[in-house]
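Accompanying notes for the structure given below.
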Amino acid sequence: MNASSLEGAMGVHQQSLRKAGRDHSPLSIPRLTKEKILQACKERQLYTTPRLNENLYLQCFGIEKIENLEEYTGTKALWLEENHIGLIENIAHMHLLRCLFLQNNAIQRISGLHSLVNLQTLNLSHNLISKIEGLSQLKLLHTLELGHNFLSSVEDVSHLILCRRITVLQLSDNRLSDPRLVGVLEGLKCLKVLYLCNNPCIPRIAEVWGSYRKHMLSRLQGLTFLDERPVHKNEIRFSVAWAKGGSSAESHERALAVEEKQVSERPDLLAIHAAREERRLQIRQRRLEMGMPQDPPPFSSTPQQREEEEPASAASAVRYIRCPDGSLYPSSNPHLGSQTHA
């Protein structure tokens, strides 16, 4: 990022602070004092003994420098977003830190994190960062958010290759324009969730390879989420087929998937048919025990057929038996309950 772009970004940040009432003269810049930290702990009903606080909430203080946190050695989650911090410093002693939230600040460089070996989540969105660096020592880091920064080239993100454990990566709303970025992302074997939307490289990838989403899924086959959309079942399979043989290969793979689904469902259908047949046999057995025909008479589906089957008059009334299933059958056993039907 050139100097003019950085100065412009700093100017925008200063204007936002001024609108929020947090733009101060050099003599009145808010500082992160021990008293202010203690007061923040009291307001959130945390411990007044610093080392006992696992969570520390210091967001929206308008501070420009991280300081006076030496006694907070037991902190595991630190919130410092919505300030005017320009440098990551004075937190190297927080060896238990797992989550660090520094979004919406004025940070220009990623530094001061090498000793945080237990860090798992790092949020640096909405800052002024132009290059990813200083993360190679964070072996447990699995979530990295760098949306709304000033990353532009493949070299700016090539450091990600050293972050093998990353599963969630947020790179949306940057200035990444080189399609070769996908090659860097391929090195992240654990990557599951990727946000790359609103970058110039997306239309270029679609232009070069024909489809942005299909190309990404064919090369990053471990993804479960891409740009606000989940990766559905078989979508990666279809994308790989498309990458190898185009639309015809994708159609063939879709047809195979349908056949496989039918084969997998066949045992269930056979089980349903077997249960129905068993139920029919049980009903037939009960009818035999009651002295009735094994099978019910055919159902008269039309009014004309029903009219022809009805007795001509009440004089020809026949005694019928009502079965458990609601059907009426001629009675041949006088000892069974009956119902007269004319």
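Letters for chains follow the order of the structure tokens (A, B, ...), residue numbers begin at 1 for each chain, and ligand numbers begin at 1 in the order shown.
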Residue contacts of A:Thr121 (12 Å, only C-alpha atoms) excluding same-chain residues fewer than 3 positions away, as a PyMOL selection string: chain A and resi 76-79+97-102+116-118+124+135+138-146+165-170
Report as a PyMOL selection string all protein, DNA and RNA residues lying within 8 Å of stretch 248-258 of chain A, evaluated on only C-alpha atoms, omitting residues in the same chain fewer than 3 positions from it. chain A and resi 234+237-239+241-242+244-245+261-262
Those same residues, written as a PDB file, in the first residue's frame with N, CA and C atoms?
ATOM      1  N   ASN A 234     -22.273 -33.332  -2.280  1.00  0.00           N
ATOM      2  CA  ASN A 234     -21.927 -33.641  -3.667  1.00  0.00           C
ATOM      3  C   ASN A 234     -21.523 -32.423  -4.491  1.00  0.00           C
ATOM      4  N   ARG A 237     -17.941 -32.748  -5.443  1.00  0.00           N
ATOM      5  CA  ARG A 237     -17.831 -33.835  -6.422  1.00  0.00           C
ATOM      6  C   ARG A 237     -18.204 -33.351  -7.813  1.00  0.00           C
ATOM      7  N   PHE A 238     -19.284 -32.608  -7.934  1.00  0.00           N
ATOM      8  CA  PHE A 238     -19.708 -32.096  -9.238  1.00  0.00           C
ATOM      9  C   PHE A 238     -18.718 -31.062  -9.767  1.00  0.00           C
ATOM     10  N   SER A 239     -18.153 -30.259  -8.858  1.00  0.00           N
ATOM     11  CA  SER A 239     -17.196 -29.235  -9.281  1.00  0.00           C
ATOM     12  C   SER A 239     -15.912 -29.869  -9.802  1.00  0.00           C
ATOM     13  N   ALA A 241     -15.687 -32.819 -11.222  1.00  0.00           N
ATOM     14  CA  ALA A 241     -16.021 -33.363 -12.539  1.00  0.00           C
ATOM     15  C   ALA A 241     -16.072 -32.262 -13.588  1.00  0.00           C
ATOM     16  N   TRP A 242     -16.645 -31.118 -13.209  1.00  0.00           N
ATOM     17  CA  TRP A 242     -16.696 -29.976 -14.138  1.00  0.00           C
ATOM     18  C   TRP A 242     -15.300 -29.504 -14.498  1.00  0.00           C
ATOM     19  N   LYS A 244     -12.615 -31.245 -14.652  1.00  0.00           N
ATOM     20  CA  LYS A 244     -11.915 -32.235 -15.476  1.00  0.00           C
ATOM     21  C   LYS A 244     -12.485 -32.338 -16.890  1.00  0.00           C
ATOM     22  N   GLY A 245     -13.829 -32.276 -16.996  1.00  0.00           N
ATOM     23  CA  GLY A 245     -14.427 -32.519 -18.311  1.00  0.00           C
ATOM     24  C   GLY A 245     -15.509 -31.560 -18.732  1.00  0.00           C
ATOM     25  N   LYS A 261     -28.117 -42.721  -5.196  1.00  0.00           N
ATOM     26  CA  LYS A 261     -29.136 -42.438  -4.188  1.00  0.00           C
ATOM     27  C   LYS A 261     -30.259 -43.468  -4.243  1.00  0.00           C
ATOM     28  N   GLN A 262     -30.654 -43.815  -5.452  1.00  0.00           N
ATOM     29  CA  GLN A 262     -31.712 -44.813  -5.605  1.00  0.00           C
ATOM     30  C   GLN A 262     -31.275 -46.170  -5.055  1.00  0.00           C
TER      31      GLN A 262
END
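Atom pair atom CA of A:Gln108 / atom CA of A:Pro200 has a distance of 21.6 Å (rounded to one decimal).
Note that DSSP on the backbone gives strand (DSSP E or B) to these residues of stretch 99-199 of chain A: Cys99, Leu100, Phe101, Thr121, Leu122, Asn123, Thr143, Leu144, Glu145, Val168, Leu169, Gln170, Val193, Leu194 and Tyr195 of chain A.
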Could you tell me, as JSON, numbers by chain, which residues of stretch 201-274 of chain A DSSP assigns to helix (DSSP H, G or I) when given the backbone? {"A": [201, 202, 203, 204, 205, 206, 207, 208, 209, 212, 213, 214, 215, 216, 217, 218, 219, 235, 236, 237, 238, 239, 240, 241, 242, 243, 244, 245, 246, 247, 248, 249, 250, 251, 252, 253, 254, 255, 256, 257, 258, 259, 260, 261, 262, 263, 264, 265, 266, 267, 268, 269, 270, 271, 272, 273, 274]}
Near A:Arg109, counting only C-alpha atoms, which residues have an atom at most 8 Å away, once you skip same-chain residues fewer than 3 positions from it, shown as a VMD selection string? chain A and resid 87 128 to 133
Next, the residues of the selection above should be written as a PDB file, in the first residue's frame with all heavy atoms.
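For reference, selection11.pdb as written:
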ATOM      1  N   LEU A  87      -0.561  -0.089  17.055  1.00  0.00           N
ATOM      2  CA  LEU A  87       0.511  -1.075  17.186  1.00  0.00           C
ATOM      3  C   LEU A  87       0.114  -2.136  18.204  1.00  0.00           C
ATOM      4  O   LEU A  87      -0.387  -1.808  19.289  1.00  0.00           O
ATOM      5  CB  LEU A  87       1.816  -0.393  17.620  1.00  0.00           C
ATOM      6  CG  LEU A  87       3.041  -1.277  17.797  1.00  0.00           C
ATOM      7  CD1 LEU A  87       3.440  -1.890  16.460  1.00  0.00           C
ATOM      8  CD2 LEU A  87       4.190  -0.481  18.405  1.00  0.00           C
ATOM      9  N   LEU A 128      -5.665  -1.300   8.872  1.00  0.00           N
ATOM     10  CA  LEU A 128      -4.895  -0.742   7.758  1.00  0.00           C
ATOM     11  C   LEU A 128      -3.766  -1.678   7.356  1.00  0.00           C
ATOM     12  O   LEU A 128      -2.707  -1.236   6.912  1.00  0.00           O
ATOM     13  CB  LEU A 128      -4.328   0.630   8.161  1.00  0.00           C
ATOM     14  CG  LEU A 128      -5.338   1.633   8.728  1.00  0.00           C
ATOM     15  CD1 LEU A 128      -4.635   2.893   9.211  1.00  0.00           C
ATOM     16  CD2 LEU A 128      -6.387   1.986   7.679  1.00  0.00           C
ATOM     17  N   ILE A 129      -3.976  -2.962   7.494  1.00  0.00           N
ATOM     18  CA  ILE A 129      -2.934  -3.957   7.261  1.00  0.00           C
ATOM     19  C   ILE A 129      -2.776  -4.206   5.760  1.00  0.00           C
ATOM     20  O   ILE A 129      -3.749  -4.450   5.047  1.00  0.00           O
ATOM     21  CB  ILE A 129      -3.285  -5.273   7.984  1.00  0.00           C
ATOM     22  CG1 ILE A 129      -3.341  -5.020   9.495  1.00  0.00           C
ATOM     23  CG2 ILE A 129      -2.285  -6.359   7.656  1.00  0.00           C
ATOM     24  CD1 ILE A 129      -3.907  -6.169  10.285  1.00  0.00           C
ATOM     25  N   SER A 130      -1.525  -4.158   5.295  1.00  0.00           N
ATOM     26  CA  SER A 130      -1.236  -4.359   3.876  1.00  0.00           C
ATOM     27  C   SER A 130      -0.462  -5.646   3.617  1.00  0.00           C
ATOM     28  O   SER A 130      -0.210  -5.979   2.454  1.00  0.00           O
ATOM     29  CB  SER A 130      -0.439  -3.171   3.327  1.00  0.00           C
ATOM     30  OG  SER A 130       0.777  -3.007   4.048  1.00  0.00           O
ATOM     31  N   LYS A 131      -0.103  -6.381   4.672  1.00  0.00           N
ATOM     32  CA  LYS A 131       0.653  -7.622   4.484  1.00  0.00           C
ATOM     33  C   LYS A 131       0.444  -8.536   5.679  1.00  0.00           C
ATOM     34  O   LYS A 131       0.449  -8.081   6.820  1.00  0.00           O
ATOM     35  CB  LYS A 131       2.142  -7.326   4.309  1.00  0.00           C
ATOM     36  CG  LYS A 131       2.985  -8.550   3.992  1.00  0.00           C
ATOM     37  CD  LYS A 131       4.450  -8.180   3.757  1.00  0.00           C
ATOM     38  CE  LYS A 131       5.282  -9.406   3.409  1.00  0.00           C
ATOM     39  NZ  LYS A 131       6.698  -9.067   3.163  1.00  0.00           N
ATOM     40  N   ILE A 132       0.281  -9.829   5.413  1.00  0.00           N
ATOM     41  CA  ILE A 132       0.152 -10.810   6.485  1.00  0.00           C
ATOM     42  C   ILE A 132       1.553 -11.276   6.879  1.00  0.00           C
ATOM     43  O   ILE A 132       2.323 -11.740   6.033  1.00  0.00           O
ATOM     44  CB  ILE A 132      -0.699 -12.006   6.040  1.00  0.00           C
ATOM     45  CG1 ILE A 132      -2.098 -11.540   5.633  1.00  0.00           C
ATOM     46  CG2 ILE A 132      -0.807 -13.036   7.157  1.00  0.00           C
ATOM     47  CD1 ILE A 132      -2.975 -12.645   5.099  1.00  0.00           C
ATOM     48  N   GLU A 133       1.849 -11.194   8.161  1.00  0.00           N
ATOM     49  CA  GLU A 133       3.168 -11.581   8.663  1.00  0.00           C
ATOM     50  C   GLU A 133       3.074 -11.825  10.161  1.00  0.00           C
ATOM     51  O   GLU A 133       2.062 -11.548  10.802  1.00  0.00           O
ATOM     52  CB  GLU A 133       4.191 -10.471   8.373  1.00  0.00           C
ATOM     53  CG  GLU A 133       3.794  -9.117   8.943  1.00  0.00           C
ATOM     54  CD  GLU A 133       4.730  -8.007   8.528  1.00  0.00           C
ATOM     55  OE1 GLU A 133       5.896  -8.306   8.174  1.00  0.00           O
ATOM     56  OE2 GLU A 133       4.319  -6.827   8.546  1.00  0.00           O
TER      57      GLU A 133
END
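Each of A:Ile85, A:Leu52, A:Leu270, A:Leu32 was compared to A:Leu69 using only C-alpha atoms, and A:Leu32 turns out to be the nearest.
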Of the listed residues A:His114, A:His159, A:Lys36, A:His215, that which approaches A:Pro179 most closely, counting only C-alpha atoms: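 With only C-alpha atoms as the atom set, the closest residue is A:His215.
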Might you pull out every residue within 8 Å of stretch 218-228 of chain A, with only C-alpha atoms counted and same-chain residues fewer than 5 positions away left off, and present them as a list in words?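 The residues satisfying every condition are Val182, Leu185, Glu186, Lys189, Cys190, Leu191, Lys192, Val193, Leu194, Tyr195, Leu196, Cys197, Ile236, Arg237, Ser239, Val240 and Ala243 of chain A.
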Export of the given selection (N, CA, C and O atoms) as an mmCIF file, in the first residue's frame:
data_model
loop_
_atom_site.group_PDB
_atom_site.id
_atom_site.type_symbol
_atom_site.label_atom_id
_atom_site.label_comp_id
_atom_site.auth_asym_id
_atom_site.auth_seq_id
_atom_site.Cartn_x
_atom_site.Cartn_y
_atom_site.Cartn_z
ATOM 1 N N VAL A 182 -5.291 -18.463 -5.309
ATOM 2 C CA VAL A 182 -5.851 -19.794 -5.037
ATOM 3 C C VAL A 182 -4.733 -20.786 -4.731
ATOM 4 O O VAL A 182 -4.900 -21.695 -3.917
ATOM 5 N N LEU A 185 -3.931 -20.567 -1.108
ATOM 6 C CA LEU A 185 -4.993 -21.149 -0.289
ATOM 7 C C LEU A 185 -4.974 -22.676 -0.343
ATOM 8 O O LEU A 185 -5.396 -23.331 0.609
ATOM 9 N N GLU A 186 -4.498 -23.233 -1.437
ATOM 10 C CA GLU A 186 -4.403 -24.688 -1.539
ATOM 11 C C GLU A 186 -3.450 -25.269 -0.506
ATOM 12 O O GLU A 186 -3.569 -26.436 -0.119
ATOM 13 N N LYS A 189 -4.321 -26.984 4.229
ATOM 14 C CA LYS A 189 -4.991 -28.273 4.137
ATOM 15 C C LYS A 189 -6.158 -28.412 5.105
ATOM 16 O O LYS A 189 -7.035 -29.247 4.900
ATOM 17 N N CYS A 190 -6.182 -27.610 6.171
ATOM 18 C CA CYS A 190 -7.264 -27.700 7.162
ATOM 19 C C CYS A 190 -8.386 -26.699 6.905
ATOM 20 O O CYS A 190 -9.340 -26.626 7.690
ATOM 21 N N LEU A 191 -8.292 -25.923 5.841
ATOM 22 C CA LEU A 191 -9.256 -24.843 5.597
ATOM 23 C C LEU A 191 -10.657 -25.396 5.356
ATOM 24 O O LEU A 191 -10.869 -26.252 4.494
ATOM 25 N N LYS A 192 -11.626 -24.903 6.126
ATOM 26 C CA LYS A 192 -13.016 -25.327 6.020
ATOM 27 C C LYS A 192 -13.941 -24.177 5.609
ATOM 28 O O LYS A 192 -14.908 -24.384 4.895
ATOM 29 N N VAL A 193 -13.652 -22.975 6.092
ATOM 30 C CA VAL A 193 -14.516 -21.820 5.839
ATOM 31 C C VAL A 193 -13.670 -20.705 5.233
ATOM 32 O O VAL A 193 -12.642 -20.325 5.806
ATOM 33 N N LEU A 194 -14.100 -20.190 4.078
ATOM 34 C CA LEU A 194 -13.352 -19.139 3.383
ATOM 35 C C LEU A 194 -14.302 -18.032 2.951
ATOM 36 O O LEU A 194 -15.325 -18.283 2.323
ATOM 37 N N TYR A 195 -13.935 -16.797 3.305
ATOM 38 C CA TYR A 195 -14.656 -15.609 2.845
ATOM 39 C C TYR A 195 -13.700 -14.812 1.962
ATOM 40 O O TYR A 195 -12.711 -14.265 2.438
ATOM 41 N N LEU A 196 -14.018 -14.741 0.670
ATOM 42 C CA LEU A 196 -13.169 -14.031 -0.283
ATOM 43 C C LEU A 196 -13.970 -13.033 -1.107
ATOM 44 O O LEU A 196 -13.455 -12.441 -2.057
ATOM 45 N N CYS A 197 -15.210 -12.834 -0.760
ATOM 46 C CA CYS A 197 -16.095 -11.981 -1.553
ATOM 47 C C CYS A 197 -15.636 -10.522 -1.545
ATOM 48 O O CYS A 197 -14.890 -10.083 -0.675
ATOM 49 N N ILE A 236 -18.872 -30.463 -4.196
ATOM 50 C CA ILE A 236 -17.449 -30.557 -4.528
ATOM 51 C C ILE A 236 -17.234 -31.650 -5.574
ATOM 52 O O ILE A 236 -16.433 -31.481 -6.514
ATOM 53 N N ARG A 237 -17.941 -32.748 -5.443
ATOM 54 C CA ARG A 237 -17.831 -33.835 -6.422
ATOM 55 C C ARG A 237 -18.204 -33.351 -7.813
ATOM 56 O O ARG A 237 -17.505 -33.649 -8.803
ATOM 57 N N SER A 239 -18.153 -30.259 -8.858
ATOM 58 C CA SER A 239 -17.196 -29.235 -9.281
ATOM 59 C C SER A 239 -15.912 -29.869 -9.802
ATOM 60 O O SER A 239 -15.323 -29.385 -10.776
ATOM 61 N N VAL A 240 -15.468 -30.936 -9.162
ATOM 62 C CA VAL A 240 -14.264 -31.637 -9.626
ATOM 63 C C VAL A 240 -14.511 -32.222 -11.011
ATOM 64 O O VAL A 240 -13.641 -32.150 -11.905
ATOM 65 N N ALA A 243 -14.390 -29.447 -13.530
ATOM 66 C CA ALA A 243 -13.022 -29.004 -13.798
ATOM 67 C C ALA A 243 -12.279 -29.966 -14.719
ATOM 68 O O ALA A 243 -11.420 -29.554 -15.506
#
Contacts of A:Arg180 at 12 Å or less, counting only C-alpha atoms, minus same-chain residues fewer than 2 places along, as a list in words?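 My reading of the contact set: Ser152, Ser153, Val154, Glu155, Val157, Ser158, Leu176, Ser177, Asp178, Val182, Gly183, Val184, Leu185, Glu186, Cys201, Ile202, Arg204, Ile205, Val208, Trp209 and Met216 of chain A.
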